[in-house]
Amino acid sequence: MFAISVMNGLVIGVIYALAALGVSLVVGIMNVVNFAHGELYILAGYFSYLFASALGLNFLVAMLLALALVFLLGIVIEYTLIRPTYGNDMYSLILTFILSIVLQNAYLLIFGPYPNKPPLWVKGATDVFGLFSYGNQRLAALIAGAGVIAVTFFLIKKTWFGRIIRATSQDREMAELNGVDTTRLNMLSFGLGCALAAAAGVILTPVFPVTPTAGVPVALTAFVVVVLGGMGSMWGCVVGGLLLGLVENLGAAFISTGYKNVFGFIILILVLLVRPSGLFGRTKI
Amino acid sequence: MTGKQLLWVGGLILAGMCLLPLGLDIYPQHVLIVSLFYVMMASSWNLLAGYTGQVSFGHAAMAGIGAYASGILAVKAGLNPWIGVGIGTVLAALLGLGLGALCLKMGGIYLSLTTLAFSQILHIIIVNQYDLTRGTMGLQVPGLVAEYSKLAYYYILLAAAVLVLFVLYRMLHSNLGLNFRAVQNDELAAKSIGVKVLQVRVLAFTVASAMAGFAGGLYGHYLLLITPEIPSLDLQFYVLAMTVIGGMGSFTGPIIGAFALNILAEKIRDYGEYHVLVFGLIALSAARFAPNGLLGVWRKLRRSTAHRTVN
Amino acid sequence: MSKVDFAVDPATIVGLIGPNGAGKTSLFNVVAGAFKPTSGKVVFDGQDITSLPANAVCRKGMARTFQVARPFGAMTCLENVMVAAVNRHPRKARPFIEGFAQEKLSLVGLADMASLEARHLNVVQKKRLEMARALATEPKLLMLDEVLGGLNTQEISLAVEFIRSLRDKLRLTVLWIEHVMGAIMQAAERVIVLDQGQVLMVASPNEVVHDPRVIQAYLGE
């Protein structure tokens, strides 16, 4: 029981970390909290399901296509909605909140309220350490999620593009003085943030089916993770995500399933009270 | 508009509102009653977001506190609902005070996230504490009047709305109102001329929460069934949309928004449950293109006809 | 900043000069309560105000303006000043407050802009509004941060005259950061020179302008 909860915690934790990375990126560069993050996560799931089931595409192609589409949508959203509000935190908050509701209802209208499931990548189960049997899809999700996180880390820490991102999120003015086109960067970063949400979406939705409102808890949890791990810290997202996943699943298993989601929110409030900079964050946003 | 003109206009509108339901059927009366609830919610949320720059996502939760506190006391302790509403209001005020004080040192985003967390925690607790709240099934509660009458509830909520608006109006036109707006415009500058920013913020939070609790309490006893729909993000969205579309940061904006959207929702319901999507799209356009809402658009039209030269 | 130690006498105009980045605005921020110093004290009128927040400092009698003016854009000029007025005289009736605020606006020459929203003002008018607002707090010490930026020669002499009159008529003490040297030389009785976060010297304008260390500090920027 314990071991399975731990595994579940890790799997969901990796996804939380991935979603949180997407949020953290956008907050770091643009100081914008994208409330619609969860809806983009779910959209990727819907696309993935559509392309694979309705169009009969290979599941891998379907996933990549979904990712690309959500990335593009992210850029469109940045250009039309977010860009004009730059500098006014309140408006971007309100806008993305409204967007989140609009998208949820649009999904309801277009896809209907019943859950959809993108196809499994692998079937069956494996014996983990000879201790218990665990679904292969979940294991695949864990590995894929970790993989995407690793790629993201590489992108941000090792590449030229990543260097620009880090520099701009630390000191926007300096970056601009050094010739960085911050407007273009905003657009790309937002798109990238959405792509990370999409990645989390295509990875996890074969396990947990897609409904119009399933994105809401994901977004909320991503916010908790970002605060817990510390704004602007990538490792914070990873550690925070895993920690939260574990706490939630162990809590659900041993304390109460109904209150599963409360843990995250209580942690959020505690962190903001005691140590607002989170586990690894900078003290200034 | 001068004070005297305002009094006349206000009086006329009030008289009109008193007579309005007499010629209507039960269902339109219901729509009006719901609108009055939202007038109170939107106007008080506006105090937070429109006047002191605090985008709270916990406002619906405060209404839920008022509703459930009053309802539970009525059902479990047989308390008179009127007293229950009073207690619900005070409880919401205290929670607002606590929450506001908690968010004191936090910037805009953090405040929003904390209020969001608060609302989610409350929602989860309400859904799970079945013995107390009947969870998603809803809690059946007694009404405010012995004999059920839509008309009676209409006048009760009308009086409540007028009370809330009156309190808000007096606040905004007092010294406190100047401080509110100063804090919203530029907190740092406000501090430098002696404005007690922290106190102002917490005060706004407490008052707004009390109003939401008051509105929620009355609403619950009107519906006779209190469900987790009240302290929900969906209701929060309605309140936000009405304020944004009507005109944030203005006194009449939220009132206009509340009535407009409720009536619009009824028209849309003829075609299907699309009203949330429509609200969302309108709100999105408003937030993006017309941040001062319907009221702002109307004011701009008036200004462009009255030519003004500025030196 | 380190080793900043100076005193300002009442009813005098003291200039604060130094090359860019010397820490002049930071000094203002510490004195006004916007920043907390890691060590040291700020003593005002015999009271230690180091740990007080900005609004408490204001109520003790210290007002400041900002390098880039920060008016309450969506409020009228009159309302801008009224905010300061109601915090200074919280129990006075509205007519008094309005009259008080109007008087301050007249003082800075913005009387006819009273019902105009502050965001429509040009840069110079915004600075004047900020001055009116600061004066409405009825301070004993007025801290001005580069109020002459953007003014032409005539406007500068008018402004200097105005500030001098504040000292003479209202017995105001003025601590004045300024880049327009001529004005400081005319108006100030003493000048503090700041360089790289340290006080270089405190002397009369004449001594300062001829001191080789000061010239060196400015040349080096």
# chains A, B, ... in the order shown; residues from 1 in each chain; ligands from 1

call {"tool": "select_by_dssp", "arguments": {"residues": "segment 1-155 of chain A", "states": "strand (DSSP E)", "output": "list in words"}}
result
Ala125, Thr126, Asp127, Val128, Phe132, Ser133, Tyr134 and Gly135 of chain A

call {"tool": "write_last_selection", "arguments": {"atoms": "N, CA and C atoms", "output": "mmCIF file, in the first residue's frame"}}
result
data_model
loop_
_atom_site.group_PDB
_atom_site.id
_atom_site.type_symbol
_atom_site.label_atom_id
_atom_site.label_comp_id
_atom_site.auth_asym_id
_atom_site.auth_seq_id
_atom_site.Cartn_x
_atom_site.Cartn_y
_atom_site.Cartn_z
ATOM 1 N N ALA A 125 1.349 -4.606 -17.126
ATOM 2 C CA ALA A 125 1.982 -4.140 -15.889
ATOM 3 C C ALA A 125 3.318 -4.827 -15.696
ATOM 4 N N THR A 126 4.129 -4.229 -14.855
ATOM 5 C CA THR A 126 5.440 -4.801 -14.576
ATOM 6 C C THR A 126 5.594 -5.048 -13.103
ATOM 7 N N ASP A 127 6.455 -5.952 -12.791
ATOM 8 C CA ASP A 127 6.787 -6.183 -11.399
ATOM 9 C C ASP A 127 7.893 -5.223 -10.998
ATOM 10 N N VAL A 128 7.584 -4.365 -10.064
ATOM 11 C CA VAL A 128 8.599 -3.396 -9.647
ATOM 12 C C VAL A 128 9.368 -3.951 -8.473
ATOM 13 N N PHE A 132 5.708 -5.379 -6.127
ATOM 14 C CA PHE A 132 4.300 -5.227 -6.484
ATOM 15 C C PHE A 132 4.197 -4.982 -7.976
ATOM 16 N N SER A 133 2.987 -5.114 -8.438
ATOM 17 C CA SER A 133 2.740 -4.922 -9.860
ATOM 18 C C SER A 133 2.266 -3.503 -10.107
ATOM 19 N N TYR A 134 2.851 -2.864 -11.107
ATOM 20 C CA TYR A 134 2.483 -1.475 -11.360
ATOM 21 C C TYR A 134 2.241 -1.274 -12.847
ATOM 22 N N GLY A 135 1.217 -0.503 -13.161
ATOM 23 C CA GLY A 135 0.840 -0.302 -14.559
ATOM 24 C C GLY A 135 1.986 0.205 -15.412
#

call {"tool": "residues_around", "arguments": {"residues": "Asp171 of chain A", "least_positions_apart": "4", "cutoff": "12 Å", "atoms": "only C-alpha atoms", "output": "PDB file with N, CA and C atoms, in the first residue's frame"}}
result
ATOM      1  N   GLY A  28       8.610  33.944 -14.294  1.00  0.00           N
ATOM      2  CA  GLY A  28       9.956  34.484 -14.205  1.00  0.00           C
ATOM      3  C   GLY A  28      10.231  35.525 -15.277  1.00  0.00           C
ATOM      4  N   ILE A  29       9.788  35.257 -16.494  1.00  0.00           N
ATOM      5  CA  ILE A  29      10.091  36.168 -17.595  1.00  0.00           C
ATOM      6  C   ILE A  29       9.111  37.335 -17.627  1.00  0.00           C
ATOM      7  N   MET A  30       7.826  37.043 -17.437  1.00  0.00           N
ATOM      8  CA  MET A  30       6.822  38.064 -17.696  1.00  0.00           C
ATOM      9  C   MET A  30       6.061  38.509 -16.468  1.00  0.00           C
ATOM     10  N   ILE A 164      19.688  33.372 -22.454  1.00  0.00           N
ATOM     11  CA  ILE A 164      18.922  34.606 -22.631  1.00  0.00           C
ATOM     12  C   ILE A 164      17.743  34.627 -21.667  1.00  0.00           C
ATOM     13  N   ILE A 165      17.081  33.487 -21.560  1.00  0.00           N
ATOM     14  CA  ILE A 165      15.920  33.409 -20.664  1.00  0.00           C
ATOM     15  C   ILE A 165      16.336  33.706 -19.233  1.00  0.00           C
ATOM     16  N   ARG A 166      17.411  33.086 -18.819  1.00  0.00           N
ATOM     17  CA  ARG A 166      17.837  33.285 -17.433  1.00  0.00           C
ATOM     18  C   ARG A 166      18.224  34.732 -17.193  1.00  0.00           C
ATOM     19  N   ALA A 167      18.937  35.296 -18.138  1.00  0.00           N
ATOM     20  CA  ALA A 167      19.378  36.685 -17.968  1.00  0.00           C
ATOM     21  C   ALA A 167      18.177  37.621 -17.886  1.00  0.00           C
ATOM     22  N   ALA A 175      19.016  43.037 -19.795  1.00  0.00           N
ATOM     23  CA  ALA A 175      18.905  42.199 -20.988  1.00  0.00           C
ATOM     24  C   ALA A 175      18.549  43.058 -22.197  1.00  0.00           C
ATOM     25  N   GLU A 176      17.621  43.989 -21.980  1.00  0.00           N
ATOM     26  CA  GLU A 176      17.222  44.845 -23.095  1.00  0.00           C
ATOM     27  C   GLU A 176      18.377  45.693 -23.570  1.00  0.00           C
ATOM     28  N   LEU A 177      19.146  46.207 -22.588  1.00  0.00           N
ATOM     29  CA  LEU A 177      20.299  47.008 -22.943  1.00  0.00           C
ATOM     30  C   LEU A 177      21.309  46.192 -23.748  1.00  0.00           C
ATOM     31  N   ASN A 178      21.331  44.900 -23.494  1.00  0.00           N
ATOM     32  CA  ASN A 178      22.262  44.051 -24.223  1.00  0.00           C
ATOM     33  C   ASN A 178      21.676  43.534 -25.517  1.00  0.00           C
ATOM     34  N   VAL A 180      18.549  42.222 -26.188  1.00  0.00           N
ATOM     35  CA  VAL A 180      17.566  41.138 -26.250  1.00  0.00           C
ATOM     36  C   VAL A 180      16.201  41.706 -26.649  1.00  0.00           C
ATOM     37  N   THR A 182      12.972  41.644 -25.971  1.00  0.00           N
ATOM     38  CA  THR A 182      12.195  41.051 -24.896  1.00  0.00           C
ATOM     39  C   THR A 182      10.757  40.752 -25.314  1.00  0.00           C
ATOM     40  N   LYS A 284      13.291  38.046  -4.007  1.00  0.00           N
ATOM     41  CA  LYS A 284      12.549  39.065  -4.736  1.00  0.00           C
ATOM     42  C   LYS A 284      11.974  38.438  -5.989  1.00  0.00           C
ATOM     43  N   ILE A 285      10.798  38.890  -6.386  1.00  0.00           N
ATOM     44  CA  ILE A 285      10.203  38.326  -7.604  1.00  0.00           C
ATOM     45  C   ILE A 285      10.764  39.057  -8.793  1.00  0.00           C
TER      46      ILE A 285
END

call {"tool": "residues_around", "arguments": {"residues": "Leu155 of chain A", "least_positions_apart": "4", "cutoff": "12 Å", "atoms": "only C-alpha atoms", "output": "list in words"}}
result
Val148, Ile149, Ala150, Val151, Thr159, Trp160, Phe161, Gly162, Arg163, Ile164, Ile165, Arg166, Leu192 and Met234 of chain A

call {"tool": "closest_residue", "arguments": {"among": "C:Gln125, C:Thr12, C:Gln47, C:Asn20", "to": "Arg164 of chain C", "atoms": "only C-alpha atoms"}}
result
C:Thr12

call {"tool": "residues_around", "arguments": {"residues": "segment 107-114 of chain C", "least_positions_apart": "4", "cutoff": "9 Å", "atoms": "only C-alpha atoms", "output": "list in words"}}
result
Asn311 of chain B; Thr76, Cys77, Leu78, Glu79, Gln102, Glu103, Ala118, Leu121, Gln125, Arg128, Leu129, Met131, Ala132 and Phe162 of chain C

call {"tool": "select_by_dssp", "arguments": {"residues": "segment 28-204 of chain B", "states": "alpha helix (DSSP H)", "output": "count of residues only"}}
result
133

call {"tool": "interface_residues", "arguments": {"of": "chain A", "to": "chain B", "cutoff": "7 Å", "atoms": "only C-alpha atoms", "output": "mmCIF file with N, CA and C atoms, in the first residue's frame"}}
result
data_model
loop_
_atom_site.group_PDB
_atom_site.id
_atom_site.type_symbol
_atom_site.label_atom_id
_atom_site.label_comp_id
_atom_site.auth_asym_id
_atom_site.auth_seq_id
_atom_site.Cartn_x
_atom_site.Cartn_y
_atom_site.Cartn_z
ATOM 1 N N LEU A 81 -3.777 38.587 -26.054
ATOM 2 C CA LEU A 81 -4.342 38.902 -24.746
ATOM 3 C C LEU A 81 -3.341 39.439 -23.735
ATOM 4 N N MET A 90 -2.517 42.800 -12.297
ATOM 5 C CA MET A 90 -3.918 42.533 -11.978
ATOM 6 C C MET A 90 -4.685 42.123 -13.224
ATOM 7 N N LEU A 95 -7.492 38.402 -16.824
ATOM 8 C CA LEU A 95 -7.649 37.895 -18.187
ATOM 9 C C LEU A 95 -7.465 36.387 -18.264
ATOM 10 N N ILE A 98 -10.385 34.525 -16.728
ATOM 11 C CA ILE A 98 -11.531 34.484 -17.631
ATOM 12 C C ILE A 98 -11.272 33.493 -18.764
ATOM 13 N N LEU A 99 -10.059 33.545 -19.309
ATOM 14 C CA LEU A 99 -9.706 32.636 -20.397
ATOM 15 C C LEU A 99 -9.892 31.189 -19.974
ATOM 16 N N ILE A 101 -11.954 29.969 -17.789
ATOM 17 C CA ILE A 101 -13.377 29.616 -17.766
ATOM 18 C C ILE A 101 -13.915 29.464 -19.184
ATOM 19 N N VAL A 102 -13.520 30.379 -20.057
ATOM 20 C CA VAL A 102 -13.978 30.311 -21.447
ATOM 21 C C VAL A 102 -13.564 28.986 -22.073
ATOM 22 N N ASN A 105 -15.534 25.957 -20.793
ATOM 23 C CA ASN A 105 -16.868 25.874 -21.378
ATOM 24 C C ASN A 105 -16.825 25.551 -22.862
ATOM 25 N N ALA A 106 -15.783 26.016 -23.529
ATOM 26 C CA ALA A 106 -15.643 25.691 -24.943
ATOM 27 C C ALA A 106 -15.436 24.183 -25.100
ATOM 28 N N GLY A 258 -10.856 12.184 0.611
ATOM 29 C CA GLY A 258 -11.647 13.369 0.290
ATOM 30 C C GLY A 258 -10.836 14.643 0.420
ATOM 31 N N TYR A 259 -9.965 14.661 1.396
ATOM 32 C CA TYR A 259 -9.202 15.879 1.659
ATOM 33 C C TYR A 259 -7.892 15.917 0.911
ATOM 34 N N VAL A 262 -6.560 19.209 -0.223
ATOM 35 C CA VAL A 262 -6.395 20.263 0.781
ATOM 36 C C VAL A 262 -4.940 20.439 1.158
ATOM 37 N N PHE A 265 -3.085 23.074 -0.723
ATOM 38 C CA PHE A 265 -3.455 24.454 -0.417
ATOM 39 C C PHE A 265 -2.983 24.888 0.949
ATOM 40 N N ILE A 269 -0.439 28.072 1.793
ATOM 41 C CA ILE A 269 -0.625 29.149 2.756
ATOM 42 C C ILE A 269 0.502 29.161 3.777
#

call {"tool": "residues_around", "arguments": {"residues": "Leu279 of chain A", "least_positions_apart": "4", "cutoff": "9 Å", "atoms": "only C-alpha atoms", "output": "ChimeraX atom specification"}}
result
/A:227-230,233,236,239-240,271,275

call {"tool": "write_last_selection", "arguments": {"atoms": "N, CA and C atoms", "output": "compact mmCIF listing (two decimals), in the first residue's frame"}}
result
# COMPACT_ATOMS: atom_id res chain seq x y z
N VAL A 227 5.14 28.08 -5.83
CA VAL A 227 5.36 28.83 -4.58
C VAL A 227 6.17 28.02 -3.60
N LEU A 228 5.86 26.73 -3.51
CA LEU A 228 6.57 25.87 -2.58
C LEU A 228 8.05 25.77 -2.96
N GLY A 229 8.28 25.53 -4.23
CA GLY A 229 9.67 25.37 -4.66
C GLY A 229 10.41 26.68 -4.70
N GLY A 230 9.68 27.74 -4.84
CA GLY A 230 10.33 29.03 -4.93
C GLY A 230 10.28 29.57 -6.34
N SER A 233 12.95 29.17 -9.43
CA SER A 233 13.90 28.07 -9.27
C SER A 233 13.39 26.83 -9.98
N GLY A 236 13.46 23.91 -7.68
CA GLY A 236 12.33 24.07 -6.76
C GLY A 236 11.08 23.42 -7.31
N VAL A 239 11.65 19.49 -7.05
CA VAL A 239 11.55 19.00 -5.67
C VAL A 239 10.14 19.24 -5.13
N GLY A 240 9.62 20.45 -5.39
CA GLY A 240 8.29 20.78 -4.91
C GLY A 240 7.24 19.86 -5.49
N VAL A 271 3.57 28.11 3.39
CA VAL A 271 4.79 28.62 2.77
C VAL A 271 4.74 30.14 2.66
N ARG A 275 7.73 31.25 4.80
CA ARG A 275 8.91 31.46 3.98
C ARG A 275 8.48 31.72 2.55

call {"tool": "interface_residues", "arguments": {"of": "chain B", "to": "chain C", "cutoff": "6 Å", "atoms": "only C-alpha atoms", "output": "ChimeraX atom specification"}}
result
/B:178,185,191-195

call {"tool": "closest_atom_pairs", "arguments": {"of": "segment 104-204 of chain B", "to": "segment 82-87 of chain B", "cutoff": "12 Å", "atoms": "only C-alpha atoms", "output": "CSV"}}
result
residue,atom,partner,partner_atom,distance
B:Val141,CA,B:Gly84,CA,11.1
B:Pro142,CA,B:Trp82,CA,10.5
B:Gly143,CA,B:Trp82,CA,9.3
B:Leu144,CA,B:Trp82,CA,6.6
B:Val145,CA,B:Trp82,CA,9.4
B:Ala146,CA,B:Trp82,CA,11.9
B:Ile156,CA,B:Trp82,CA,11.1
B:Ala160,CA,B:Val85,CA,11.5

call {"tool": "residues_around", "arguments": {"residues": "Phe59 of chain A", "least_positions_apart": "2", "cutoff": "12 Å", "atoms": "only C-alpha atoms", "output": "MDAnalysis selection string"}}
result
chainID A and resid 45 47:57 61:66 117:122 202:203 206

call {"tool": "write_last_selection", "arguments": {"atoms": "N, CA and C atoms", "output": "mmCIF file, in the first residue's frame"}}
result
data_model
loop_
_atom_site.group_PDB
_atom_site.id
_atom_site.type_symbol
_atom_site.label_atom_id
_atom_site.label_comp_id
_atom_site.auth_asym_id
_atom_site.auth_seq_id
_atom_site.Cartn_x
_atom_site.Cartn_y
_atom_site.Cartn_z
ATOM 1 N N GLY A 45 -4.300 17.038 -24.213
ATOM 2 C CA GLY A 45 -4.899 15.714 -24.079
ATOM 3 C C GLY A 45 -6.004 15.501 -25.107
ATOM 4 N N PHE A 47 -6.383 17.042 -28.014
ATOM 5 C CA PHE A 47 -5.780 16.929 -29.343
ATOM 6 C C PHE A 47 -5.209 15.536 -29.544
ATOM 7 N N SER A 48 -4.466 15.111 -28.519
ATOM 8 C CA SER A 48 -3.833 13.805 -28.587
ATOM 9 C C SER A 48 -4.873 12.714 -28.844
ATOM 10 N N TYR A 49 -5.978 12.816 -28.132
ATOM 11 C CA TYR A 49 -7.061 11.838 -28.301
ATOM 12 C C TYR A 49 -7.661 11.937 -29.708
ATOM 13 N N LEU A 50 -7.932 13.183 -30.128
ATOM 14 C CA LEU A 50 -8.530 13.427 -31.428
ATOM 15 C C LEU A 50 -7.689 12.840 -32.554
ATOM 16 N N PHE A 51 -6.408 13.229 -32.553
ATOM 17 C CA PHE A 51 -5.548 12.814 -33.654
ATOM 18 C C PHE A 51 -5.373 11.308 -33.681
ATOM 19 N N ALA A 52 -5.236 10.729 -32.493
ATOM 20 C CA ALA A 52 -4.995 9.291 -32.464
ATOM 21 C C ALA A 52 -6.269 8.513 -32.769
ATOM 22 N N SER A 53 -7.354 8.870 -32.079
ATOM 23 C CA SER A 53 -8.569 8.073 -32.241
ATOM 24 C C SER A 53 -9.370 8.456 -33.468
ATOM 25 N N ALA A 54 -9.652 9.729 -33.608
ATOM 26 C CA ALA A 54 -10.514 10.137 -34.713
ATOM 27 C C ALA A 54 -9.782 10.076 -36.044
ATOM 28 N N LEU A 55 -8.539 10.537 -36.061
ATOM 29 C CA LEU A 55 -7.808 10.559 -37.329
ATOM 30 C C LEU A 55 -6.943 9.314 -37.509
ATOM 31 N N GLY A 56 -6.847 8.530 -36.474
ATOM 32 C CA GLY A 56 -6.117 7.275 -36.579
ATOM 33 C C GLY A 56 -4.616 7.415 -36.721
ATOM 34 N N LEU A 57 -4.097 8.556 -36.263
ATOM 35 C CA LEU A 57 -2.652 8.721 -36.382
ATOM 36 C C LEU A 57 -1.919 7.898 -35.332
ATOM 37 N N VAL A 61 2.927 10.457 -33.074
ATOM 38 C CA VAL A 61 2.713 11.601 -33.945
ATOM 39 C C VAL A 61 1.613 12.491 -33.386
ATOM 40 N N ALA A 62 0.548 11.829 -32.923
ATOM 41 C CA ALA A 62 -0.569 12.590 -32.352
ATOM 42 C C ALA A 62 -0.083 13.468 -31.202
ATOM 43 N N MET A 63 0.762 12.900 -30.348
ATOM 44 C CA MET A 63 1.252 13.651 -29.190
ATOM 45 C C MET A 63 2.079 14.841 -29.616
ATOM 46 N N LEU A 64 2.973 14.615 -30.570
ATOM 47 C CA LEU A 64 3.842 15.708 -30.996
ATOM 48 C C LEU A 64 3.047 16.808 -31.669
ATOM 49 N N LEU A 65 2.057 16.379 -32.458
ATOM 50 C CA LEU A 65 1.206 17.355 -33.120
ATOM 51 C C LEU A 65 0.459 18.185 -32.085
ATOM 52 N N ALA A 66 -0.063 17.502 -31.076
ATOM 53 C CA ALA A 66 -0.785 18.196 -30.007
ATOM 54 C C ALA A 66 0.119 19.232 -29.343
ATOM 55 N N LYS A 117 -10.253 9.390 -23.690
ATOM 56 C CA LYS A 117 -8.952 8.826 -23.313
ATOM 57 C C LYS A 117 -8.083 8.658 -24.535
ATOM 58 N N PRO A 118 -6.954 9.350 -24.555
ATOM 59 C CA PRO A 118 -5.997 9.072 -25.616
ATOM 60 C C PRO A 118 -5.465 7.652 -25.435
ATOM 61 N N PRO A 119 -4.998 7.038 -26.488
ATOM 62 C CA PRO A 119 -4.605 5.630 -26.405
ATOM 63 C C PRO A 119 -3.383 5.418 -25.515
ATOM 64 N N LEU A 120 -3.319 4.248 -24.906
ATOM 65 C CA LEU A 120 -2.164 3.904 -24.084
ATOM 66 C C LEU A 120 -0.954 3.690 -24.973
ATOM 67 N N TRP A 121 0.216 3.997 -24.443
ATOM 68 C CA TRP A 121 1.426 3.721 -25.218
ATOM 69 C C TRP A 121 1.808 2.260 -25.072
ATOM 70 N N VAL A 122 1.719 1.820 -23.820
ATOM 71 C CA VAL A 122 2.071 0.426 -23.522
ATOM 72 C C VAL A 122 0.978 -0.172 -22.657
ATOM 73 N N VAL A 202 -0.033 15.427 -22.553
ATOM 74 C CA VAL A 202 0.014 14.226 -23.391
ATOM 75 C C VAL A 202 0.598 13.038 -22.634
ATOM 76 N N ILE A 203 1.417 13.331 -21.641
ATOM 77 C CA ILE A 203 2.019 12.222 -20.905
ATOM 78 C C ILE A 203 1.010 11.601 -19.953
ATOM 79 N N PRO A 206 -3.255 9.637 -20.983
ATOM 80 C CA PRO A 206 -3.627 8.225 -21.160
ATOM 81 C C PRO A 206 -3.958 7.552 -19.826
#

call {"tool": "atom_distance", "arguments": {"atom1": "atom CA of Gln184 of chain B", "atom2": "atom CA of Tyr51 of chain B"}}
result
6.1 Å

call {"tool": "atom_distance", "arguments": {"atom1": "atom CA of Gln140 of chain B", "atom2": "atom CA of Leu224 of chain B"}}
result
5.8 Å

call {"tool": "residues_around", "arguments": {"residues": "Pro115 of chain A", "least_positions_apart": "2", "cutoff": "8 Å", "atoms": "only C-alpha atoms", "output": "list in words"}}
result
Pro113, Lys117, Pro209, Val210 and Thr211 of chain A
